>>> print(open('query-v3.csv').read())   # CSV, C-alpha atoms
chain,number,residue,atom,x,y,z
A,1,MET,CA,-0.5,-7.5,-15.9
A,2,ILE,CA,-3.0,-7.0,-13.1
A,3,VAL,CA,-3.3,-4.0,-10.8
A,4,PHE,CA,-4.6,-4.9,-7.4
A,5,PRO,CA,-5.7,-1.8,-5.4
A,6,ALA,CA,-5.2,-2.6,-1.7
A,7,ILE,CA,-7.6,-2.2,1.2
A,8,ASP,CA,-5.7,-2.8,4.5
A,9,LEU,CA,-8.0,-3.2,7.5
A,10,LYS,CA,-7.2,-2.2,11.1
A,11,GLY,CA,-10.0,-1.9,13.6
A,12,GLY,CA,-12.6,-1.9,10.8
A,13,GLN,CA,-10.9,1.1,9.1
A,14,VAL,CA,-9.0,1.5,5.9
A,15,VAL,CA,-5.4,2.2,6.7
A,16,ARG,CA,-1.9,2.1,5.3
A,17,LEU,CA,1.1,1.2,7.4
A,18,ALA,CA,4.7,2.4,7.0
A,19,GLU,CA,7.1,-0.6,6.7
A,20,GLY,CA,4.5,-2.9,8.3
A,21,ASP,CA,4.5,-1.0,11.6
A,22,MET,CA,1.1,-1.0,13.2
A,23,ALA,CA,2.1,2.0,15.3
A,24,ARG,CA,2.6,4.0,12.0
A,25,ALA,CA,-0.8,3.6,10.5
A,26,THR,CA,-2.5,6.3,8.5
A,27,VAL,CA,-6.3,6.1,8.4
A,28,TYR,CA,-7.9,6.7,5.0
A,29,GLY,CA,-11.5,5.9,5.7
A,30,ASP,CA,-14.0,4.1,7.9
A,31,ASP,CA,-16.1,2.4,5.2
A,32,PRO,CA,-14.1,-0.4,3.5
A,33,ALA,CA,-17.1,-1.4,1.4
A,34,ALA,CA,-17.5,2.1,0.0
A,35,GLN,CA,-13.7,2.2,-0.8
A,36,ALA,CA,-14.1,-1.1,-2.7
A,37,MET,CA,-16.9,0.4,-4.7
A,38,LEU,CA,-14.7,3.4,-5.6
A,39,PHE,CA,-12.1,1.1,-6.9
A,40,ALA,CA,-14.7,-0.9,-8.9
A,41,GLU,CA,-16.0,2.3,-10.4
A,42,ALA,CA,-12.4,3.2,-11.5
A,43,GLY,CA,-12.4,0.0,-13.5
A,44,SER,CA,-10.8,-2.5,-11.2
A,45,GLN,CA,-11.8,-6.1,-11.5
A,46,TYR,CA,-9.4,-7.2,-8.7
A,47,LEU,CA,-8.9,-6.2,-5.1
A,48,HIS,CA,-6.2,-7.1,-2.5
A,49,VAL,CA,-7.5,-7.0,1.1
A,50,VAL,CA,-5.5,-7.5,4.2
A,51,ASP,CA,-6.7,-8.1,7.7
A,52,LEU,CA,-3.8,-6.5,9.5
A,53,ASP,CA,-5.1,-7.2,13.0
A,54,GLY,CA,-5.6,-10.8,11.9
A,55,SER,CA,-1.9,-11.0,10.8
A,56,PHE,CA,-0.9,-10.6,14.4
A,57,ALA,CA,-3.7,-12.5,16.0
A,58,GLY,CA,-3.6,-15.5,13.7
A,59,ARG,CA,-7.3,-15.4,13.2
A,60,ALA,CA,-9.9,-13.1,11.5
A,61,GLU,CA,-10.3,-9.8,13.3
A,62,ASN,CA,-12.0,-7.7,10.6
A,63,ARG,CA,-14.5,-10.3,9.3
A,64,GLU,CA,-17.4,-7.9,9.2
A,65,ALA,CA,-15.5,-5.4,7.1
A,66,VAL,CA,-14.3,-8.2,4.7
A,67,GLU,CA,-17.8,-9.5,4.4
A,68,GLY,CA,-19.0,-6.0,3.5
A,69,ILE,CA,-16.4,-5.7,0.8
A,70,LEU,CA,-17.4,-9.1,-0.7
A,71,GLN,CA,-21.0,-8.1,-0.8
A,72,VAL,CA,-20.4,-5.0,-3.0
A,73,PHE,CA,-17.3,-5.7,-5.0
A,74,PRO,CA,-18.2,-7.3,-8.4
A,75,GLY,CA,-14.7,-8.6,-9.2
A,76,HIS,CA,-12.1,-10.9,-7.6
A,77,VAL,CA,-11.1,-10.4,-4.0
A,78,GLN,CA,-7.7,-11.7,-2.8
A,79,LEU,CA,-7.5,-11.9,1.0
A,80,GLY,CA,-4.7,-12.3,3.5
A,81,GLY,CA,-4.1,-11.8,7.2
A,82,GLY,CA,-4.0,-14.5,9.8
A,83,ILE,CA,-5.4,-17.3,7.7
A,84,ARG,CA,-3.8,-20.4,9.2
A,85,THR,CA,-6.4,-23.1,9.4
A,86,ARG,CA,-8.3,-25.2,6.9
A,87,GLU,CA,-11.6,-24.0,8.4
A,88,ALA,CA,-10.5,-20.4,7.8
A,89,VAL,CA,-9.5,-21.1,4.2
A,90,GLU,CA,-12.8,-22.9,3.5
A,91,GLY,CA,-14.8,-20.3,5.2
A,92,TRP,CA,-13.4,-17.5,3.1
A,93,PHE,CA,-13.8,-19.4,-0.1
A,94,ASP,CA,-17.4,-20.1,0.8
A,95,LEU,CA,-18.0,-16.4,1.3
A,96,GLY,CA,-16.7,-15.6,-2.1
A,97,VAL,CA,-13.0,-14.8,-1.8
A,98,SER,CA,-11.2,-15.7,-5.0
A,99,ARG,CA,-7.7,-16.3,-3.6
A,100,VAL,CA,-6.3,-16.7,-0.1
A,101,VAL,CA,-2.9,-15.3,0.7
A,102,MET,CA,-0.7,-17.1,3.2
A,103,GLY,CA,2.6,-15.8,4.6
A,104,THR,CA,3.4,-16.9,8.1
A,105,ALA,CA,1.9,-20.4,7.5
A,106,ALA,CA,4.1,-20.8,4.4
A,107,LEU,CA,7.2,-20.6,6.5
A,108,LYS,CA,6.0,-22.3,9.7
A,109,ASP,CA,3.7,-24.9,8.3
A,110,PRO,CA,4.6,-25.4,4.6
A,111,GLN,CA,2.8,-28.8,4.4
A,112,PHE,CA,-0.4,-27.1,5.4
A,113,VAL,CA,0.0,-24.6,2.6
A,114,ARG,CA,0.8,-27.3,0.1
A,115,ASP,CA,-2.3,-29.2,1.2
A,116,MET,CA,-4.5,-26.2,0.8
A,117,ALA,CA,-3.0,-25.5,-2.7
A,118,GLY,CA,-3.9,-29.1,-3.6
A,119,ALA,CA,-7.4,-28.8,-2.2
A,120,PHE,CA,-8.0,-25.4,-3.9
A,121,PRO,CA,-6.1,-25.3,-7.2
A,122,GLY,CA,-5.3,-21.8,-8.2
A,123,GLY,CA,-6.7,-20.4,-5.0
A,124,ILE,CA,-3.7,-20.1,-2.8
A,125,VAL,CA,-1.1,-17.2,-3.0
A,126,VAL,CA,2.1,-17.5,-1.0
A,127,ALA,CA,3.3,-14.2,0.5
A,128,VAL,CA,7.0,-13.9,0.4
A,129,ASP,CA,7.7,-10.8,2.5
A,130,ALA,CA,11.3,-9.7,2.6
A,131,LYS,CA,13.5,-7.6,4.9
A,132,ASP,CA,17.1,-7.4,3.5
A,133,GLY,CA,16.4,-10.5,1.4
A,134,MET,CA,15.2,-12.6,4.4
A,135,VAL,CA,11.6,-13.8,5.0
A,136,ALA,CA,9.6,-11.9,7.7
A,137,THR,CA,6.5,-13.4,9.4
A,138,GLU,CA,3.9,-12.6,12.1
A,139,GLY,CA,2.7,-9.4,10.4
A,140,TRP,CA,6.4,-8.7,9.6
A,141,ALA,CA,7.3,-8.6,13.3
A,142,ASP,CA,9.7,-11.5,13.1
A,143,VAL,CA,12.6,-11.9,10.5
A,144,SER,CA,13.6,-15.5,9.8
A,145,ASP,CA,16.9,-17.0,8.6
A,146,VAL,CA,15.3,-18.2,5.4
A,147,SER,CA,15.9,-16.4,2.1
A,148,VAL,CA,13.1,-15.2,-0.1
A,149,VAL,CA,14.2,-17.4,-3.0
A,150,ASP,CA,14.6,-20.5,-0.8
A,151,LEU,CA,11.0,-20.1,0.5
A,152,ALA,CA,9.6,-19.5,-2.9
A,153,ARG,CA,11.2,-22.6,-4.4
A,154,ARG,CA,9.5,-24.8,-1.7
A,155,PHE,CA,6.2,-24.2,-3.4
A,156,GLU,CA,7.0,-24.4,-7.1
A,157,ASP,CA,5.5,-27.8,-7.4
A,158,ALA,CA,2.6,-27.3,-4.9
A,159,GLY,CA,0.0,-25.8,-7.2
A,160,VAL,CA,-0.1,-22.4,-5.7
A,161,ALA,CA,-1.4,-19.6,-7.9
A,162,SER,CA,1.4,-17.1,-7.5
A,163,LEU,CA,3.9,-15.5,-5.1
A,164,LEU,CA,3.3,-12.1,-3.6
A,165,PHE,CA,6.6,-10.4,-3.0
A,166,THR,CA,6.8,-7.4,-0.7
A,167,ASP,CA,9.9,-5.4,0.1
A,168,ILE,CA,9.0,-4.3,3.7
A,169,GLY,CA,11.6,-1.6,3.7
A,170,ARG,CA,9.6,0.2,0.9
A,171,ASP,CA,6.0,-0.6,1.9
A,172,GLY,CA,3.9,2.4,2.5
A,173,LEU,CA,6.8,4.8,2.0
A,174,LEU,CA,6.3,5.7,-1.7
A,175,LYS,CA,10.0,5.0,-2.4
A,176,GLY,CA,9.2,3.1,-5.6
A,177,VAL,CA,8.9,-0.6,-6.2
A,178,ASN,CA,12.1,-2.7,-5.8
A,179,ILE,CA,12.0,-3.6,-9.5
A,180,GLU,CA,15.4,-5.4,-9.5
A,181,ALA,CA,14.6,-7.7,-6.6
A,182,THR,CA,11.1,-8.5,-7.8
A,183,VAL,CA,12.2,-9.3,-11.4
A,184,ASP,CA,15.1,-11.3,-10.1
A,185,LEU,CA,12.8,-13.4,-8.0
A,186,ALA,CA,10.4,-13.9,-10.9
A,187,ARG,CA,13.2,-15.1,-13.1
A,188,ARG,CA,14.5,-17.5,-10.6
A,189,VAL,CA,11.3,-19.3,-9.8
A,190,SER,CA,8.6,-20.9,-12.1
A,191,LEU,CA,5.7,-19.2,-10.3
A,192,PRO,CA,4.1,-15.9,-11.3
A,193,VAL,CA,5.1,-13.0,-9.0
A,194,ILE,CA,2.9,-10.2,-7.7
A,195,ALA,CA,4.9,-7.1,-6.8
A,196,SER,CA,4.1,-5.1,-3.7
A,197,GLY,CA,5.7,-2.4,-1.6
A,198,GLY,CA,6.6,1.2,-2.4
A,199,VAL,CA,4.5,2.0,-5.6
A,200,LYS,CA,4.8,5.7,-6.0
A,201,GLY,CA,3.3,6.4,-9.4
A,202,LEU,CA,2.6,5.4,-12.9
A,203,SER,CA,6.3,4.9,-13.7
A,204,ASP,CA,6.4,1.9,-11.4
A,205,ILE,CA,3.4,0.3,-13.2
A,206,ARG,CA,5.0,0.9,-16.5
A,207,LEU,CA,8.4,-0.6,-15.5
A,208,LEU,CA,6.8,-3.7,-14.0
A,209,ALA,CA,4.6,-4.2,-17.1
A,210,LEU,CA,7.7,-4.3,-19.2
A,211,HIS,CA,8.7,-7.5,-17.3
A,212,GLU,CA,5.4,-9.3,-17.6
A,213,ALA,CA,7.2,-11.9,-19.8
A,214,ASP,CA,9.7,-12.5,-17.0
A,215,GLY,CA,6.8,-13.7,-14.8
A,216,ILE,CA,5.4,-10.5,-13.2
A,217,GLU,CA,1.7,-11.2,-12.9
A,218,GLY,CA,0.6,-8.1,-11.1
A,219,VAL,CA,1.3,-5.3,-8.7
A,220,ILE,CA,-0.4,-4.2,-5.5
A,221,THR,CA,-0.8,-0.5,-4.8
A,222,GLY,CA,-2.3,1.3,-1.8
A,223,ARG,CA,-0.9,4.6,-0.5
A,224,ALA,CA,-0.2,6.1,-3.9
A,225,LEU,CA,-3.9,5.7,-4.7
A,226,TYR,CA,-5.1,7.1,-1.4
A,227,ASP,CA,-2.7,10.0,-1.6
A,228,GLY,CA,-3.7,10.8,-5.2
A,229,ARG,CA,-0.3,10.2,-6.6
A,230,LEU,CA,-1.6,7.4,-8.8
A,231,ASP,CA,-4.8,7.3,-10.9
A,232,LEU,CA,-6.2,3.8,-10.8
A,233,ALA,CA,-7.8,3.9,-14.2
A,234,ALA,CA,-4.6,5.1,-15.8
A,235,ALA,CA,-2.6,2.4,-14.0
A,236,ILE,CA,-5.0,-0.3,-15.2
A,237,ALA,CA,-4.7,1.0,-18.8
A,238,VAL,CA,-0.9,0.9,-18.7
A,239,ALA,CA,-0.8,-2.5,-17.0
A,240,GLU,CA,-3.1,-4.0,-19.6
A,241,ALA,CA,-1.2,-2.5,-22.5
A,242,GLY,CA,2.0,-4.3,-21.2
>>> encode(input="query-v3.csv", output="structure tokens")
Amino acid sequence: MIVFPAIDLKGGQVVRLAEGDMARATVYGDDPAAQAMLFAEAGSQYLHVVDLDGSFAGRAENREAVEGILQVFPGHVQLGGGIRTREAVEGWFDLGVSRVVMGTAALKDPQFVRDMAGAFPGGIVVAVDAKDGMVATEGWADVSDVSVVDLARRFEDAGVASLLFTDIGRDGLLKGVNIEATVDLARRVSLPVIASGGVKGLSDIRLLALHEADGIEGVITGRALYDGRLDLAAAIAVAEAG
């Protein structure tokens, strides 16, 4: 199982939000590239980066910060946030992004996401963000009438790399991962699932790793790392041990 340390970008700074609320952002640094290097030094070969401003604007808003991360991080960078055109997808891959994450586009323009998954095999991740079991979009500002499972199943045959499942009600709150909902989704679809939202410590990593055979590919963690509640090297070791 893969541990993806998260770098969320707002105004060029490294932040974490509470329940996806831009007004409830905690700033953890003003040098995203330096933060990426710290994660690399702790042994991470993977990174999850989100352009939060881009999620709302529908276009790249923290491009300079992302480019800085790509220049220094030696591993694989997974990027999301406002990526809704072919030009944007191609541009990020050309710069060295390993995988592109699409959320709003997956709900509002599923054919586009399927086209990109076909054009970039293994390069597209579909973000399935949930609030009370329903899909949320536009930086989690809007909640749809589509269920998480229904949206996920639309892409089972599209060639996407994996699903990124986030329980918005836990994100950034250190409440613990919604293990039950995450594993249930993984069991009900044929795509690998990345867990996100609420990681509070090593126990979450250990529990998710036990369900790797159910389809749990990885876990994203942010605030627990920044607050010192989770040691990245230890988390990677537990995840790799399975």
>>> atom_distance(input="query-v3.csv", atom1="CA of Gly29 in chain A", atom2="CA of Gln71 in chain A")
18.1 Å
>>> atom_distance(input="query-v3.csv", atom1="CA of Leu9 in chain A", atom2="CA of Val49 in chain A")
7.5 Å
>>> residues_near_point(input="query-v3.csv", point="(0.9, 10.8, -8.0)", cutoff="7 Å", atoms="only C-alpha atoms", output="list of chain:residue names")
A:Lys200, A:Gly201, A:Ala224, A:Gly228, A:Arg229, A:Leu230
>>> write_last_selection(input="query-v3.csv", atoms="C-alpha atoms", output="PDB file, keeping the file's coordinate frame")
ATOM      1  CA  LYS A 200       4.800   5.700  -6.000  1.00  0.00           C
ATOM      2  CA  GLY A 201       3.300   6.400  -9.400  1.00  0.00           C
ATOM      3  CA  ALA A 224      -0.200   6.100  -3.900  1.00  0.00           C
ATOM      4  CA  GLY A 228      -3.700  10.800  -5.200  1.00  0.00           C
ATOM      5  CA  ARG A 229      -0.300  10.200  -6.600  1.00  0.00           C
ATOM      6  CA  LEU A 230      -1.600   7.400  -8.800  1.00  0.00           C
TER       7      LEU A 230
END
>>> closest_residue(input="query-v3.csv", among="A:Gly215, A:Gly176, A:Gly122, A:Gly198", to="Ala158 in chain A", atoms="all atoms listed in the file")
A:Gly122
>>> residues_around(input="query-v3.csv", residues="Arg84 in chain A", least_positions_apart="2", cutoff="8 Å", atoms="all atoms listed in the file", output="list in words")
Gly58, Arg59, Gly82, Arg86, Ala88, Val89, Met102 and Ala105 of chain A
>>> closest_residue(input="query-v3.csv", among="A:Thr85, A:Ser147, A:Ser44, A:Ser196", to="Ala234 in chain A", atoms="all atoms listed in the file")
A:Ser44
>>> atom_distance(input="query-v3.csv", atom1="CA of Asp227 in chain A", atom2="CA of Glu41 in chain A")
17.7 Å
>>> closest_residue(input="query-v3.csv", among="A:Val219, A:Ala241, A:Ala161, A:Ala65", to="Val177 in chain A", atoms="all atoms listed in the file")
A:Val219
>>> closest_residue(input="query-v3.csv", among="A:Ala57, A:Ala40, A:Ala34, A:Val125", to="Val14 in chain A", atoms="all atoms listed in the file")
A:Ala34
